[in-house]
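Peer 1: This is the structure I want to talk about, given as structure tokens.
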Amino acid sequence: MDMQLTDMDCSKSISEIVRKDYRTAEVFKKYGINYCCGGQLSLEEACSLKNLDQTVLQNDLQKAIQGVSLPHTLQFDNWRMDFLIDYVVNVYHGYLQQTLVALEANLISFIEGHKKKHSELIDILSTFKELSSVLINHTKQEAEITFPYIRQIESTYRRKEVYASLFIRTMRKPLTLILENEHKQISELLIQLREKANHYQFPTNACTNHQVIYHQLQELDQHLVQLQHLENNILYPKAIAMEQELLQ
């Protein structure tokens with residue numbers, strides 16, 4: 001979805017810019033510029049009204065729409081577990097910490113004035129809240145307990161410690177149960193969210209803010225799918241296999 005903010009884009013209304021790329025919504029919110037039903041001013045007009053430097057605002061918008069893409073040839077399964085954990089914590093957990101609270105606030109604020117017209121939003125908010133609660137608790141447990149344990153497994157394995165089996169038996173964490181229970185619960189809630197949000201296809205009469213929220217939910221979904229792949233298919237299976245080998 002990456003785009004360049006052209007002179008033609010700058011002549012469009014604020015609402016049109018946000019509809020073209022939902023990520024610009026957070027920038028306009030930062031500057032107190034209405035981008036929804038009242039966002040019919042052009043970028044130039046909005047800056048003049050708010051006494052803002054248009055160049056500064058355009059630079060912020062450009063930063064917001066410049067995504068970082070990773071090469072498809074990146075071999076995550078060849079990474080050491082400690083490096084993969086750092087990647088997961090800094091990229092994926094960091095994203096969740098920044099996104100979940102803000103997105104819930106956006107949903108609550110929007111639903112207040114639109115629940116009669118779009119009653120499905122109430123169910124979406126309920127499922128999102130449950131998913132958010134599970135994710136916050138799960139990532140906290142991973143950062144404080146599970147990931148340090150996996151790091152110790154890898155360190156013990158690489159150093160070929162003689163006390164390895166004793167360490168595992170003493171400090172063992174239920175890695176398999178985490179996959180079977182917590183990760184499964186996250187997957188099920190994500191499926192429910194998709195279904196209730198009609199796979200993020202917003203209604204034809206959706207206003208700009210409504211569209212932004214659906215795009216943000218879809219972004220969260222995509223993020224969680226990638227995180228599940230890294231953890232369910234690479235990190236946890238490697239840790240469990242290494243754990244089993246140390247126990248032998």
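Letters A, B, ... mark the chains of the structure tokens in the order given; residue numbers begin at 1 per chain; ligand numbers begin at 1, in order shown.
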Just want the 8 Å neighbourhood of segment 13-28 of chain A, counted on only C-alpha atoms, with same-chain residues fewer than 2 positions away dropped. Output as a PyMOL selection string.
Peer 2: chain A and resi 1+9-11+30-37+39-43+57+60-61+64-65+208+211-212+215-216
Peer 1: Generate a file of the selected residues that holds N, CA and C atoms, formatted as a short mmCIF file (atom, residue, chain, number, x, y, z; two decimals), in the first residue's frame.
Peer 2:
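As a result, result.cif now contains:
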data_model
loop_
_atom_site.label_atom_id
_atom_site.label_comp_id
_atom_site.auth_asym_id
_atom_site.auth_seq_id
_atom_site.Cartn_x
_atom_site.Cartn_y
_atom_site.Cartn_z
N MET A 1 0.81 -1.20 0.00
CA MET A 1 0.00 0.00 0.00
C MET A 1 0.85 1.26 0.00
N ASP A 9 -2.14 14.86 -4.70
CA ASP A 9 -2.75 14.39 -3.46
C ASP A 9 -2.99 15.55 -2.51
N CYS A 10 -2.05 16.48 -2.46
CA CYS A 10 -2.15 17.60 -1.53
C CYS A 10 -3.30 18.53 -1.89
N SER A 11 -3.75 18.50 -3.14
CA SER A 11 -4.87 19.33 -3.55
C SER A 11 -6.21 18.67 -3.24
N LYS A 30 -3.12 13.60 15.13
CA LYS A 30 -2.06 14.24 15.92
C LYS A 30 -2.15 15.76 15.86
N TYR A 31 -2.49 16.29 14.69
CA TYR A 31 -2.55 17.75 14.52
C TYR A 31 -3.97 18.31 14.73
N GLY A 32 -4.89 17.46 15.17
CA GLY A 32 -6.25 17.91 15.44
C GLY A 32 -7.02 18.29 14.20
N ILE A 33 -6.73 17.61 13.08
CA ILE A 33 -7.41 17.89 11.82
C ILE A 33 -8.48 16.84 11.56
N ASN A 34 -9.70 17.27 11.35
CA ASN A 34 -10.82 16.37 11.10
C ASN A 34 -10.65 15.71 9.74
N TYR A 35 -10.62 14.38 9.73
CA TYR A 35 -10.44 13.67 8.45
C TYR A 35 -11.68 12.87 8.06
N CYS A 36 -12.73 12.92 8.88
CA CYS A 36 -13.91 12.11 8.59
C CYS A 36 -14.97 12.95 7.88
N CYS A 37 -16.15 12.99 8.46
CA CYS A 37 -17.28 13.63 7.77
C CYS A 37 -17.05 15.11 7.51
N GLY A 39 -14.00 16.39 6.97
CA GLY A 39 -12.67 16.54 6.40
C GLY A 39 -12.65 16.90 4.94
N GLN A 40 -13.42 17.93 4.57
CA GLN A 40 -13.52 18.29 3.15
C GLN A 40 -12.54 19.39 2.74
N LEU A 41 -11.78 19.90 3.72
CA LEU A 41 -10.78 20.91 3.39
C LEU A 41 -9.60 20.26 2.68
N SER A 42 -8.89 21.02 1.87
CA SER A 42 -7.67 20.53 1.27
C SER A 42 -6.55 20.61 2.31
N LEU A 43 -5.43 19.99 2.01
CA LEU A 43 -4.30 20.02 2.92
C LEU A 43 -3.84 21.46 3.17
N LEU A 57 3.89 19.03 7.98
CA LEU A 57 2.77 18.07 7.95
C LEU A 57 2.95 17.06 6.81
N ASP A 60 5.50 14.47 7.75
CA ASP A 60 4.94 13.49 8.70
C ASP A 60 4.05 12.49 7.97
N LEU A 61 3.27 12.98 7.03
CA LEU A 61 2.40 12.09 6.25
C LEU A 61 3.22 11.11 5.43
N ALA A 64 4.52 8.37 7.54
CA ALA A 64 3.47 7.45 7.95
C ALA A 64 3.15 6.41 6.88
N ILE A 65 3.32 6.77 5.63
CA ILE A 65 2.93 5.86 4.55
C ILE A 65 4.12 5.08 3.97
N THR A 208 -15.31 7.81 6.42
CA THR A 208 -13.86 7.67 6.37
C THR A 208 -13.32 7.02 7.65
N GLN A 211 -13.90 3.33 7.71
CA GLN A 211 -12.96 2.65 6.82
C GLN A 211 -11.58 2.53 7.47
N VAL A 212 -11.14 3.60 8.13
CA VAL A 212 -9.84 3.59 8.80
C VAL A 212 -9.78 2.48 9.85
N HIS A 215 -9.46 -0.91 8.26
CA HIS A 215 -8.09 -1.09 7.76
C HIS A 215 -7.13 -1.39 8.92
N GLN A 216 -7.31 -0.72 10.04
CA GLN A 216 -6.45 -0.95 11.20
C GLN A 216 -6.65 -2.35 11.76
#
Peer 1: Considering only alpha helix (DSSP H) as DSSP defines it on the backbone, what residues of segment 64-239 of chain A qualify? List them as JSON, numbers by chain.
Peer 2: {"A": [64, 65, 81, 82, 83, 84, 85, 86, 87, 94, 95, 96, 97, 98, 99, 100, 101, 102, 103, 104, 105, 106, 107, 108, 109, 110, 111, 112, 113, 114, 120, 121, 122, 123, 124, 125, 126, 127, 128, 129, 130, 131, 132, 133, 134, 135, 136, 137, 138, 139, 140, 141, 147, 148, 149, 150, 151, 152, 153, 154, 155, 156, 157, 158, 159, 164, 165, 166, 167, 168, 169, 170, 171, 175, 176, 177, 183, 184, 185, 186, 187, 188, 189, 190, 191, 192, 193, 194, 195, 196, 208, 209, 210, 211, 212, 213, 214, 215, 216, 217, 218, 219, 220, 221, 222, 223, 224, 225, 226, 227, 228, 236, 237, 238, 239]}
Peer 1: Need to verify the contact set: Tyr87 of chain A, 12 Å, only C-alpha atoms, exclusion of same-chain residues closer than 6 positions in sequence. Can you return it as a PDB file with N, CA and C atoms, in the first residue's frame?
Peer 2:
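Result file follows (around.pdb):
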ATOM      1  N   PHE A  76      14.002 -17.115   8.175  1.00  0.00           N
ATOM      2  CA  PHE A  76      13.817 -17.022   9.620  1.00  0.00           C
ATOM      3  C   PHE A  76      14.205 -18.314  10.333  1.00  0.00           C
ATOM      4  N   TRP A  79      17.722 -18.554  11.657  1.00  0.00           N
ATOM      5  CA  TRP A  79      18.181 -17.641  12.700  1.00  0.00           C
ATOM      6  C   TRP A  79      18.346 -18.383  14.021  1.00  0.00           C
ATOM      7  N   ARG A  80      19.296 -17.943  14.822  1.00  0.00           N
ATOM      8  CA  ARG A  80      19.402 -18.449  16.188  1.00  0.00           C
ATOM      9  C   ARG A  80      18.146 -18.033  16.951  1.00  0.00           C
ATOM     10  N   MET A  81      17.759 -18.852  17.921  1.00  0.00           N
ATOM     11  CA  MET A  81      16.520 -18.574  18.642  1.00  0.00           C
ATOM     12  C   MET A  81      16.592 -17.267  19.415  1.00  0.00           C
ATOM     13  N   HIS A  93       5.891  -7.622  19.275  1.00  0.00           N
ATOM     14  CA  HIS A  93       5.356  -7.228  20.577  1.00  0.00           C
ATOM     15  C   HIS A  93       5.321  -5.707  20.703  1.00  0.00           C
ATOM     16  N   GLY A  94       6.322  -5.043  20.157  1.00  0.00           N
ATOM     17  CA  GLY A  94       6.351  -3.585  20.183  1.00  0.00           C
ATOM     18  C   GLY A  94       5.159  -2.994  19.452  1.00  0.00           C
ATOM     19  N   TYR A  95       4.835  -3.587  18.313  1.00  0.00           N
ATOM     20  CA  TYR A  95       3.670  -3.135  17.538  1.00  0.00           C
ATOM     21  C   TYR A  95       2.387  -3.297  18.349  1.00  0.00           C
ATOM     22  N   PHE A 147      10.247 -16.668  27.050  1.00  0.00           N
ATOM     23  CA  PHE A 147      11.400 -16.355  26.211  1.00  0.00           C
ATOM     24  C   PHE A 147      12.730 -16.468  26.971  1.00  0.00           C
ATOM     25  N   LEU A 227       3.142 -13.136  13.112  1.00  0.00           N
ATOM     26  CA  LEU A 227       3.676 -13.499  14.425  1.00  0.00           C
ATOM     27  C   LEU A 227       3.419 -14.967  14.728  1.00  0.00           C
ATOM     28  N   LEU A 230       5.920 -17.159  12.862  1.00  0.00           N
ATOM     29  CA  LEU A 230       7.259 -17.166  13.455  1.00  0.00           C
ATOM     30  C   LEU A 230       7.307 -17.995  14.739  1.00  0.00           C
ATOM     31  N   GLU A 231       6.247 -17.903  15.546  1.00  0.00           N
ATOM     32  CA  GLU A 231       6.245 -18.616  16.813  1.00  0.00           C
ATOM     33  C   GLU A 231       5.792 -20.074  16.662  1.00  0.00           C
ATOM     34  N   LEU A 235       9.889 -20.829  16.036  1.00  0.00           N
ATOM     35  CA  LEU A 235      10.496 -20.665  17.359  1.00  0.00           C
ATOM     36  C   LEU A 235      10.136 -21.782  18.328  1.00  0.00           C
TER      37      LEU A 235
END
Peer 1: What's around segment 186-203 of chain A at 8 Å? Count only C-alpha atoms, leave out sequence neighbours fewer than 2 positions away in its own chain, and write the answer as a ChimeraX atom specification.
Peer 2: /A:120-121,123-124,127-128,130-131,134-135,182-184,205-206,210-211,214-215,217-218,221
Peer 1: Find the residues near Ile145 of chain A: any atom within 12 Å, counting only C-alpha atoms, skip ones fewer than 3 places away on the same chain, and give them as a PyMOL selection string.
Peer 2: chain A and resi 137-142+148-152+171-175+178
Peer 1: Do you know which residues are at most 12 Å from Thr156 of chain A counting only C-alpha atoms, after dropping those on the same chain fewer than 4 positions away, and could you put them as number ranges by chain?
Peer 2: A: 149-152, 160-168, 239, 242-243, 245-247
Peer 1: Those residues you just picked out, can you put them in a file as a short mmCIF file (atom, residue, chain, number, x, y, z; two decimals), in the first residue's frame with C-alpha atoms?
Peer 2:
data_model
loop_
_atom_site.label_atom_id
_atom_site.label_comp_id
_atom_site.auth_asym_id
_atom_site.auth_seq_id
_atom_site.Cartn_x
_atom_site.Cartn_y
_atom_site.Cartn_z
CA TYR A 149 13.59 -19.95 29.40
CA ILE A 150 14.05 -20.56 25.66
CA ARG A 151 17.18 -18.42 25.70
CA GLN A 152 18.53 -20.58 28.54
CA LYS A 160 26.87 -28.59 25.92
CA GLU A 161 26.42 -28.21 29.67
CA VAL A 162 26.68 -31.47 31.63
CA TYR A 163 23.80 -30.44 33.87
CA ALA A 164 21.49 -29.75 30.90
CA SER A 165 18.90 -32.45 31.66
CA LEU A 166 18.72 -31.41 35.33
CA PHE A 167 18.26 -27.78 34.33
CA ILE A 168 15.42 -28.67 31.94
CA ALA A 239 12.74 -24.87 21.32
CA MET A 242 16.06 -28.77 21.59
CA GLU A 243 14.41 -29.27 24.97
CA GLU A 245 17.20 -33.55 22.98
CA LEU A 246 18.62 -32.14 26.21
CA LEU A 247 16.37 -34.43 28.24
#
Peer 1: Name the residues in contact with segment 106-110 of chain A at a cut-off of 8 Å, using only C-alpha atoms, excluding same-chain residues fewer than 4 positions from it; report them as a list in words.
Peer 2: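 In the requested form, the answer reads Ala102, His114, Leu125, Asn209, His210 and Ile213 of chain A.
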Peer 1: Using only C-alpha atoms, find the one residue out of A:Ile111, A:Leu100, A:Ala46, A:Val88 that sits nearest to Ala143 of chain A.
Peer 2: A:Val88
Peer 1: Which distance in Å separates atom CA of Ser155 of chain A and atom CA of Asp86 of chain A, to one decimal?
Peer 2: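 According to the coordinates, atom CA of Ser155 of chain A and atom CA of Asp86 of chain A are separated by 14.7 Å.
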Peer 1: What's the separation between atom CA of Pro237 of chain A and atom CA of Thr176 of chain A, in Å to one decimal place?
Peer 2: 8.6 Å
